[in-house]
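The structure file start.tsv is reproduced below (TSV, C-alpha atoms).
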```tsv
chain	number	residue	atom	x	y	z
T	1	MET	CA	-22.37	2.00	-16.46
T	2	ALA	CA	-24.14	2.71	-13.19
T	3	VAL	CA	-25.04	-0.52	-11.44
T	4	VAL	CA	-28.65	-1.26	-10.46
T	5	TYR	CA	-29.89	-4.75	-9.52
T	6	PHE	CA	-33.06	-6.72	-9.02
T	7	GLU	CA	-33.93	-10.21	-7.50
T	8	HIS	CA	-31.45	-13.11	-7.54
T	9	ASN	CA	-30.92	-14.47	-11.02
T	10	THR	CA	-28.11	-16.44	-12.56
T	11	ILE	CA	-27.27	-15.61	-16.15
T	12	TYR	CA	-24.61	-16.33	-18.70
T	13	TYR	CA	-23.43	-13.84	-21.24
T	14	ASN	CA	-20.55	-13.37	-23.63
T	15	SER	CA	-18.21	-10.41	-23.20
T	16	TYR	CA	-14.86	-9.96	-24.91
T	17	ASN	CA	-15.22	-13.50	-26.34
T	18	GLN	CA	-15.38	-15.07	-22.88
T	19	SER	CA	-18.20	-16.92	-21.14
T	20	ILE	CA	-18.92	-15.22	-17.82
T	21	PHE	CA	-20.99	-16.55	-14.92
T	22	CYS	CA	-22.80	-13.76	-13.11
T	23	THR	CA	-25.12	-13.90	-10.09
T	24	ILE	CA	-27.27	-10.80	-9.83
T	25	ALA	CA	-29.40	-9.58	-6.96
T	26	GLN	CA	-32.73	-7.92	-7.59
T	27	MET	CA	-33.53	-4.95	-5.41
T	28	PHE	CA	-36.45	-3.23	-7.19
T	29	THR	CA	-40.03	-4.25	-7.63
T	30	LYS	CA	-41.52	-3.66	-11.08
T	31	GLN	CA	-43.06	-0.41	-9.85
T	32	GLU	CA	-39.72	0.76	-8.52
T	33	LEU	CA	-38.12	-0.08	-11.86
T	34	ILE	CA	-40.80	1.92	-13.67
T	35	GLU	CA	-40.14	4.92	-11.43
T	36	PHE	CA	-36.37	4.64	-11.86
T	37	CYS	CA	-36.61	4.40	-15.65
T	38	GLU	CA	-38.99	7.37	-15.84
T	39	LYS	CA	-36.59	9.48	-13.80
T	40	ALA	CA	-33.59	8.28	-15.81
T	41	ARG	CA	-35.21	9.09	-19.17
T	42	GLU	CA	-36.17	12.52	-17.86
T	43	SER	CA	-32.84	13.37	-16.23
T	44	TYR	CA	-29.95	11.56	-17.94
T	45	LEU	CA	-28.32	11.44	-21.34
T	46	ASP	CA	-29.08	8.23	-23.24
T	47	HIS	CA	-26.32	5.69	-23.86
T	48	ILE	CA	-23.59	7.42	-21.80
T	49	SER	CA	-22.22	6.58	-18.37
T	50	ILE	CA	-19.06	7.31	-16.37
T	51	ASP	CA	-16.85	4.87	-14.48
T	52	CYS	CA	-14.00	6.02	-12.25
T	53	VAL	CA	-10.84	4.35	-10.98
T	54	VAL	CA	-9.94	6.16	-7.76
T	55	PHE	CA	-6.33	5.66	-6.63
T	56	GLY	CA	-5.06	6.41	-3.12
T	57	PHE	CA	-1.68	5.75	-1.50
T	58	HIS	CA	-1.34	4.84	2.18
T	59	GLU	CA	1.44	3.27	4.24
T	60	GLY	CA	3.40	2.35	1.15
T	61	VAL	CA	0.48	0.66	-0.62
T	62	LEU	CA	-1.45	1.82	-3.70
T	63	LYS	CA	-5.19	1.38	-3.16
T	64	VAL	CA	-8.35	1.43	-5.30
T	65	LEU	CA	-11.84	2.50	-4.21
T	66	THR	CA	-14.58	-0.09	-4.85
T	67	LEU	CA	-18.29	-0.59	-4.19
T	68	LYS	CA	-19.79	-3.84	-2.89
T	69	MET	CA	-23.37	-4.47	-4.01
T	70	LYS	CA	-26.14	-5.26	-1.53
T	71	ASN	CA	-27.07	-8.93	-1.06
T	72	GLU	CA	-24.23	-10.31	-3.18
T	73	GLU	CA	-20.48	-10.82	-3.31
T	74	SER	CA	-19.93	-8.43	-6.21
T	75	TRP	CA	-17.67	-5.43	-6.52
T	76	TYR	CA	-17.70	-2.53	-8.98
T	77	LEU	CA	-15.92	0.73	-9.63
T	78	PRO	CA	-17.69	3.99	-8.68
T	79	GLY	CA	-19.83	5.25	-11.55
T	80	GLY	CA	-23.01	6.95	-12.64
T	81	PHE	CA	-24.93	8.71	-15.41
T	82	VAL	CA	-24.65	12.18	-16.92
T	83	LEU	CA	-27.42	14.75	-16.45
T	84	LYS	CA	-28.83	16.19	-19.68
T	85	ASP	CA	-27.60	19.73	-18.99
T	86	GLU	CA	-24.35	18.67	-17.32
T	87	PRO	CA	-20.81	18.85	-18.77
T	88	ILE	CA	-18.99	15.50	-18.70
T	89	GLU	CA	-16.27	16.77	-16.36
T	90	THR	CA	-18.88	18.15	-13.97
T	91	ALA	CA	-20.66	14.78	-13.94
T	92	ALA	CA	-17.43	12.95	-13.08
T	93	ASN	CA	-16.69	15.38	-10.25
T	94	ARG	CA	-20.26	15.08	-8.93
T	95	ILE	CA	-20.11	11.28	-8.94
T	96	LEU	CA	-16.79	11.23	-7.10
T	97	LYS	CA	-17.82	13.85	-4.57
T	98	GLU	CA	-20.78	11.61	-3.67
T	99	ARG	CA	-18.43	8.63	-3.17
T	100	THR	CA	-15.45	10.39	-1.53
T	101	GLY	CA	-16.76	13.60	0.06
T	102	LEU	CA	-14.05	15.60	-1.75
T	103	ASP	CA	-14.79	18.76	-3.72
T	104	GLU	CA	-11.52	19.10	-5.63
T	105	ILE	CA	-10.16	15.91	-7.17
T	106	PHE	CA	-7.48	15.39	-9.80
T	107	LEU	CA	-9.37	13.71	-12.65
T	108	GLN	CA	-8.00	12.49	-15.95
T	109	GLN	CA	-10.17	11.07	-18.74
T	110	PHE	CA	-8.30	8.12	-20.20
T	111	HIS	CA	-10.53	5.94	-22.42
T	112	VAL	CA	-14.03	5.27	-23.75
T	113	PHE	CA	-15.30	1.69	-23.38
T	114	GLY	CA	-17.89	0.67	-25.94
T	115	ASP	CA	-17.97	-3.08	-26.47
T	116	PRO	CA	-21.55	-3.93	-27.61
T	117	GLU	CA	-21.74	-6.69	-24.97
T	118	ARG	CA	-20.58	-4.65	-21.97
T	119	SER	CA	-24.16	-3.87	-20.82
T	120	ARG	CA	-25.61	-7.26	-21.75
T	121	PRO	CA	-26.25	-8.43	-18.13
T	122	HIS	CA	-28.48	-5.44	-17.43
T	123	HIS	CA	-30.31	-5.77	-20.74
T	124	ASP	CA	-31.00	-9.47	-20.24
T	125	MET	CA	-32.06	-9.03	-16.64
T	126	TYR	CA	-34.68	-6.36	-17.31
T	127	LYS	CA	-35.87	-7.09	-20.84
T	128	ASP	CA	-39.04	-8.94	-19.73
T	129	MET	CA	-40.04	-6.42	-17.08
T	130	LEU	CA	-40.77	-3.41	-19.30
T	131	PRO	CA	-41.14	-2.71	-23.04
T	132	PRO	CA	-37.82	-1.60	-24.61
T	133	ALA	CA	-39.08	1.94	-25.20
T	134	GLU	CA	-39.74	2.34	-21.46
T	135	ASN	CA	-36.79	0.36	-20.14
T	136	TRP	CA	-33.68	2.46	-19.47
T	137	PHE	CA	-31.56	-0.69	-19.46
T	138	SER	CA	-32.52	-1.58	-23.03
T	139	ASN	CA	-30.05	1.10	-24.10
T	140	ARG	CA	-26.52	0.30	-25.13
T	141	PHE	CA	-24.13	2.27	-22.90
T	142	LEU	CA	-20.74	3.69	-23.73
T	143	THR	CA	-18.81	4.51	-20.58
T	144	ILE	CA	-16.20	7.23	-20.22
T	145	GLY	CA	-13.30	6.15	-18.03
T	146	TYR	CA	-11.64	8.55	-15.60
T	147	TYR	CA	-8.86	7.93	-13.15
T	148	ALA	CA	-8.73	10.02	-9.99
T	149	LEU	CA	-5.82	10.67	-7.62
T	150	VAL	CA	-6.73	11.49	-4.02
T	151	ASP	CA	-5.11	11.98	-0.64
T	152	PHE	CA	-6.15	8.78	1.12
T	153	VAL	CA	-6.59	10.29	4.59
T	154	HIS	CA	-9.06	12.93	3.37
T	155	VAL	CA	-11.46	10.51	1.68
T	156	ASN	CA	-14.74	9.53	3.33
T	157	PRO	CA	-15.84	6.44	1.33
T	158	THR	CA	-19.62	6.54	0.94
T	159	PRO	CA	-21.77	3.82	-0.71
T	160	ASP	CA	-24.54	4.68	-3.17
T	161	HIS	CA	-28.17	3.54	-2.87
T	162	HIS	CA	-27.43	0.15	-4.43
T	163	SER	CA	-24.28	-0.67	-2.42
T	164	GLU	CA	-23.79	-1.91	1.09
T	165	SER	CA	-20.24	-0.60	1.37
T	166	CYS	CA	-17.65	1.60	-0.30
T	167	GLY	CA	-14.03	1.08	0.64
T	168	TRP	CA	-10.40	0.69	-0.28
T	169	TYR	CA	-8.65	-2.42	-1.54
T	170	ASP	CA	-4.90	-2.86	-1.88
T	171	LEU	CA	-3.80	-3.08	-5.48
T	172	ALA	CA	-2.49	-6.63	-4.91
T	173	ASP	CA	-5.73	-7.79	-3.23
T	174	LEU	CA	-8.34	-6.22	-5.48
T	175	PRO	CA	-11.47	-8.43	-5.67
T	176	GLU	CA	-12.82	-9.60	-9.00
T	177	LEU	CA	-14.75	-6.73	-10.56
T	178	LYS	CA	-17.99	-7.29	-12.48
T	179	LEU	CA	-18.98	-6.23	-16.02
T	180	ASP	CA	-15.92	-4.82	-17.79
T	181	HIS	CA	-14.64	-3.03	-14.70
T	182	THR	CA	-11.48	-5.16	-14.52
T	183	LEU	CA	-10.60	-3.98	-18.01
T	184	ILE	CA	-11.35	-0.37	-17.00
T	185	PHE	CA	-9.11	-0.70	-13.93
T	186	LYS	CA	-6.21	-2.28	-15.84
T	187	THR	CA	-6.42	0.37	-18.55
T	188	ALA	CA	-6.36	3.10	-15.90
T	189	LEU	CA	-3.30	1.58	-14.22
T	190	ASP	CA	-1.48	1.29	-17.56
T	191	THR	CA	-2.33	4.94	-18.27
T	192	LEU	CA	-1.05	5.96	-14.83
T	193	ARG	CA	2.30	4.30	-15.60
T	194	LEU	CA	2.56	5.96	-18.99
T	195	GLN	CA	1.72	9.39	-17.56
T	196	LEU	CA	3.96	9.19	-14.50
T	197	ASN	CA	6.42	11.63	-16.08
T	198	TYR	CA	3.77	13.99	-17.48
T	199	GLN	CA	1.05	14.35	-14.79
T	200	PRO	CA	1.37	15.52	-11.15
T	201	ILE	CA	0.78	12.00	-9.87
T	202	GLY	CA	3.15	12.20	-6.91
T	203	TYR	CA	1.75	15.55	-5.80
T	204	ASN	CA	-1.82	14.25	-5.76
T	205	LEU	CA	-1.14	10.90	-4.07
T	206	MET	CA	1.49	11.77	-1.46
T	207	PRO	CA	0.77	13.60	1.80
T	208	LYS	CA	2.02	17.17	2.13
T	209	LEU	CA	5.24	16.00	3.81
T	210	PHE	CA	6.95	12.71	3.01
T	211	THR	CA	10.32	10.99	3.10
T	212	MET	CA	12.40	10.02	0.11
T	213	PRO	CA	11.83	6.26	0.74
T	214	GLU	CA	8.07	6.89	0.82
T	215	LEU	CA	8.17	8.68	-2.53
T	216	GLN	CA	10.35	5.94	-4.00
T	217	LYS	CA	7.85	3.34	-2.78
T	218	LEU	CA	5.06	5.14	-4.67
T	219	TYR	CA	7.06	5.03	-7.91
T	220	GLU	CA	7.97	1.38	-7.36
T	221	THR	CA	4.33	0.47	-6.72
T	222	ILE	CA	3.03	2.22	-9.82
T	223	LEU	CA	5.84	0.92	-12.05
T	224	ASP	CA	5.72	-2.56	-10.45
T	225	LYS	CA	9.49	-2.79	-10.19
T	226	LYS	CA	12.29	-2.19	-7.70
T	227	LEU	CA	14.30	1.01	-8.11
T	228	ASP	CA	17.88	1.66	-7.00
T	229	ARG	CA	17.77	3.98	-3.96
T	230	ARG	CA	20.75	6.15	-4.88
T	231	ASN	CA	19.79	6.53	-8.52
T	232	PHE	CA	16.19	7.40	-7.64
T	233	GLN	CA	17.23	10.05	-5.13
T	234	ARG	CA	19.77	11.57	-7.52
T	235	ARG	CA	17.26	11.74	-10.37
T	236	ILE	CA	14.29	13.05	-8.42
T	237	LEU	CA	16.37	15.75	-6.72
T	238	GLY	CA	17.92	16.66	-10.08
T	239	PHE	CA	14.52	17.74	-11.42
T	240	GLY	CA	14.34	20.49	-8.81
T	241	ILE	CA	10.75	19.68	-7.89
T	242	LEU	CA	11.21	18.97	-4.16
T	243	ASN	CA	11.75	21.18	-1.14
T	244	ARG	CA	13.59	19.66	1.82
T	245	SER	CA	12.43	20.52	5.31
T	246	GLU	CA	15.12	21.55	7.79
T	247	THR	CA	13.38	19.45	10.42
T	248	PRO	CA	13.71	15.67	9.97
T	249	ARG	CA	10.99	13.25	10.97
T	250	LYS	CA	11.22	12.42	14.65
T	251	GLY	CA	11.07	8.97	16.18
T	252	GLY	CA	12.49	5.59	15.21
T	253	ALA	CA	15.68	3.79	16.15
T	254	HIS	CA	17.65	4.88	13.09
T	255	LYS	CA	18.76	8.26	11.84
T	256	ALA	CA	15.67	10.38	11.25
T	257	PRO	CA	15.00	10.86	7.50
T	258	TYR	CA	14.49	14.29	6.03
T	259	LEU	CA	10.99	15.35	5.07
T	260	TYR	CA	10.22	16.68	1.60
T	261	SER	CA	7.36	18.48	-0.08
T	262	PHE	CA	6.65	19.22	-3.74
T	263	ASP	CA	7.48	22.62	-5.19
T	264	LEU	CA	4.28	22.74	-7.23
T	265	GLU	CA	5.38	25.55	-9.55
T	266	ASN	CA	8.64	23.79	-10.44
T	267	TYR	CA	6.86	20.45	-10.65
T	268	GLN	CA	4.32	21.74	-13.15
T	269	GLU	CA	7.04	23.38	-15.23
T	270	ALA	CA	9.12	20.19	-15.28
T	271	LEU	CA	6.10	18.11	-16.34
T	272	LYS	CA	5.66	20.27	-19.44
T	273	GLN	CA	8.90	18.79	-20.75
T	274	GLY	CA	8.39	15.46	-19.03
T	275	LEU	CA	10.59	14.00	-16.32
T	276	GLN	CA	13.13	12.80	-18.84
T	277	GLY	CA	14.81	9.42	-18.66
T	278	GLY	CA	13.58	6.00	-17.65
T	279	TRP	CA	13.13	4.76	-14.12
```
Output the structure of this file as structure tokens.
Amino acid sequence: MAVVYFEHNTIYYNSYNQSIFCTIAQMFTKQELIEFCEKARESYLDHISIDCVVFGFHEGVLKVLTLKMKNEESWYLPGGFVLKDEPIETAANRILKERTGLDEIFLQQFHVFGDPERSRPHHDMYKDMLPPAENWFSNRFLTIGYYALVDFVHVNPTPDHHSESCGWYDLADLPELKLDHTLIFKTALDTLRLQLNYQPIGYNLMPKLFTMPELQKLYETILDKKLDRRNFQRRILGFGILNRSETPRKGGAHKAPYLYSFDLENYQEALKQGLQGGW
């Protein structure tokens, strides 16, 4: 769910049968909480939120966009609430435009997360500040998970009102995420691996022009395994989804590699049948 915090408190709660230690920073006075809850009840759908796993690929590394909360060492995935008259897909695009600056983003809904304890920290933190009927955080929230694929160089990471920073982390160095956001991230990554042969993942993560080793590195990173160079090149070219530029990349001490781009029409047609065979 969307993350909003108040003064420093330390609480314990149980989530997914594990004891979790959580330090939370308060940022609203009681009056500010009242105003936020009034606006939320007026504007947003009850019980529903959106959380997004935004993947980017840069210099051979798969990256994930995260938010760091103000006044604490806590990281979360980008997320938010759904306006009452707003389609779910429109809400997800709005939330990500606010965080990335991009208008057109490849978005895929992949799971709904509804453990009864997932919103417990917010409930416990605010329960004594307002009566349940007036307190937005007394609600139980189901969150709809989306993964997004973006061109790294075109993203302008932008924090929300409750964050001090919004930025990229390498997949291997991702900080510990609060609430159930680690579960959301892992589920998104598993989905990405399963859909590698059925969604235009390469097209949305790679730059317009790329080398064969760069494309292979993307597949190796997502699949978390080393691929044979010759077999990968033979298979990917066999699908007929790449166009080779007549001009190789310039620079470097070795033979300049050829540059490729995706033939989007052929790529989309091939994905209908799936890129057959294992990697």
Item to check | Two-atom distance - atom CA of Glu269 of chain T, atom CA of Phe106 of chain T (Å) | outcome: 17.4 Å
Checklist entry - Restricting the calculation to all atoms listed in the file, which member of T:Leu77, T:Ile144, T:Asp180, T:Ile105 is positioned closest to Pro121 of chain T? => result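 Looking only at the distances to Pro121 of chain T, the closest residue turns out to be T:Asp180.
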Contact residues around segment 87-100 of chain T with only C-alpha atoms at 12 Å, ignoring same-chain residues under 5 positions, as a short mmCIF file (atom, residue, chain, number, x, y, z; two decimals) with C-alpha atoms, keeping the file's coordinate frame:
```cif
data_model
loop_
_atom_site.label_atom_id
_atom_site.label_comp_id
_atom_site.auth_asym_id
_atom_site.auth_seq_id
_atom_site.Cartn_x
_atom_site.Cartn_y
_atom_site.Cartn_z
CA ALA T 2 -24.14 2.71 -13.19
CA TYR T 44 -29.95 11.56 -17.94
CA LEU T 45 -28.32 11.44 -21.34
CA ILE T 48 -23.59 7.42 -21.80
CA SER T 49 -22.22 6.58 -18.37
CA ILE T 50 -19.06 7.31 -16.37
CA ASP T 51 -16.85 4.87 -14.48
CA CYS T 52 -14.00 6.02 -12.25
CA VAL T 53 -10.84 4.35 -10.98
CA VAL T 54 -9.94 6.16 -7.76
CA PHE T 55 -6.33 5.66 -6.63
CA GLY T 56 -5.06 6.41 -3.12
CA LEU T 65 -11.84 2.50 -4.21
CA THR T 66 -14.58 -0.09 -4.85
CA LEU T 67 -18.29 -0.59 -4.19
CA LEU T 77 -15.92 0.73 -9.63
CA PRO T 78 -17.69 3.99 -8.68
CA GLY T 79 -19.83 5.25 -11.55
CA GLY T 80 -23.01 6.95 -12.64
CA PHE T 81 -24.93 8.71 -15.41
CA VAL T 82 -24.65 12.18 -16.92
CA ILE T 105 -10.16 15.91 -7.17
CA PHE T 106 -7.48 15.39 -9.80
CA LEU T 107 -9.37 13.71 -12.65
CA GLN T 108 -8.00 12.49 -15.95
CA GLN T 109 -10.17 11.07 -18.74
CA THR T 143 -18.81 4.51 -20.58
CA ILE T 144 -16.20 7.23 -20.22
CA GLY T 145 -13.30 6.15 -18.03
CA TYR T 146 -11.64 8.55 -15.60
CA TYR T 147 -8.86 7.93 -13.15
CA ALA T 148 -8.73 10.02 -9.99
CA LEU T 149 -5.82 10.67 -7.62
CA VAL T 150 -6.73 11.49 -4.02
CA ASP T 151 -5.11 11.98 -0.64
CA PHE T 152 -6.15 8.78 1.12
CA VAL T 153 -6.59 10.29 4.59
CA HIS T 154 -9.06 12.93 3.37
CA VAL T 155 -11.46 10.51 1.68
CA ASN T 156 -14.74 9.53 3.33
CA PRO T 157 -15.84 6.44 1.33
CA THR T 158 -19.62 6.54 0.94
CA PRO T 159 -21.77 3.82 -0.71
CA ASP T 160 -24.54 4.68 -3.17
CA HIS T 161 -28.17 3.54 -2.87
CA SER T 163 -24.28 -0.67 -2.42
CA SER T 165 -20.24 -0.60 1.37
CA CYS T 166 -17.65 1.60 -0.30
CA GLY T 167 -14.03 1.08 0.64
CA TRP T 168 -10.40 0.69 -0.28
#
```
Next on the checklist: Rounded to one decimal, what separation in Å do you get between atom CA of His123 of chain T and atom CA of Thr187 of chain T?
Outcome noted: 24.8 Å
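For segment 31-41 of chain T, the list of residues within 8 Å, based on only C-alpha atoms and with local chain neighbours fewer than 2 positions off taken out, reads Phe28, Thr29, Ser43, Tyr44, Leu45, Asp46, Leu130, Glu134, Asn135 and Trp136 of chain T.
If you look at atom CA of Tyr198 of chain T and atom CA of Gln233 of chain T, they are 18.7 Å away from each other.
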Item to check | Who sits within 8 Å of segment 218-221 of chain T, all atoms listed in the file, same chain under 2 positions skipped, as a list in words | outcome: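 After dropping sequence-adjacent residues, the list is Phe57, Gly60, Val61, Leu62, Gly202, Glu214, Leu215, Gln216, Leu223, Asp224, Lys225, Lys226 and Leu227 of chain T.
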Next on the checklist: Restricting the calculation to all atoms listed in the file: of T:Val64, T:Ile241, T:Leu259, T:Ala133, which residue gets closest to Tyr203 of chain T?
Outcome noted: T:Ile241
Enclosing box along x, y and z for every listed atom of segment 222-231 of chain T, padded 3 Å each side, centre and size in Å, one decimal, as JSON:
```
{"center_x": 11.9, "center_y": 1.9, "center_z": -8.0, "size_x": 23.7, "size_y": 15.3, "size_z": 14.1}
```
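Distances from T:Tyr76, T:Phe141, T:Phe210, T:Phe232 to Pro175 of chain T were compared using all atoms listed in the file, and the smallest one belongs to T:Tyr76.
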Checklist entry - For the point (13.9, 20.8, 6.5) in file coordinates, what residues are within 8 Å, counting all atoms listed in the file? Give the answer as a PyMOL selection string? => result chain T and resi 243-248+258-260
Checklist entry - Taking all atoms listed in the file into account, which of T:Leu102, T:Ala172, T:Leu183, T:Leu242 comes nearest Leu209 of chain T? => result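 Closest candidate: T:Leu242.
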Item to check | Minimum-distance residue to Gly277 of chain T, chosen among T:Pro200, T:Pro207, T:Gly238, T:Pro213 (using all atoms listed in the file) | outcome: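 Using all atoms listed in the file, Gly277 of chain T sits closest to T:Gly238.
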Item to check | Which residue of T:Glu42, T:Glu59, T:Pro257, T:Ser119 approaches His181 of chain T most closely, using only C-alpha atoms | outcome: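 Between T:Glu42, T:Glu59, T:Pro257, T:Ser119, the residue approaching His181 of chain T most closely is T:Ser119.
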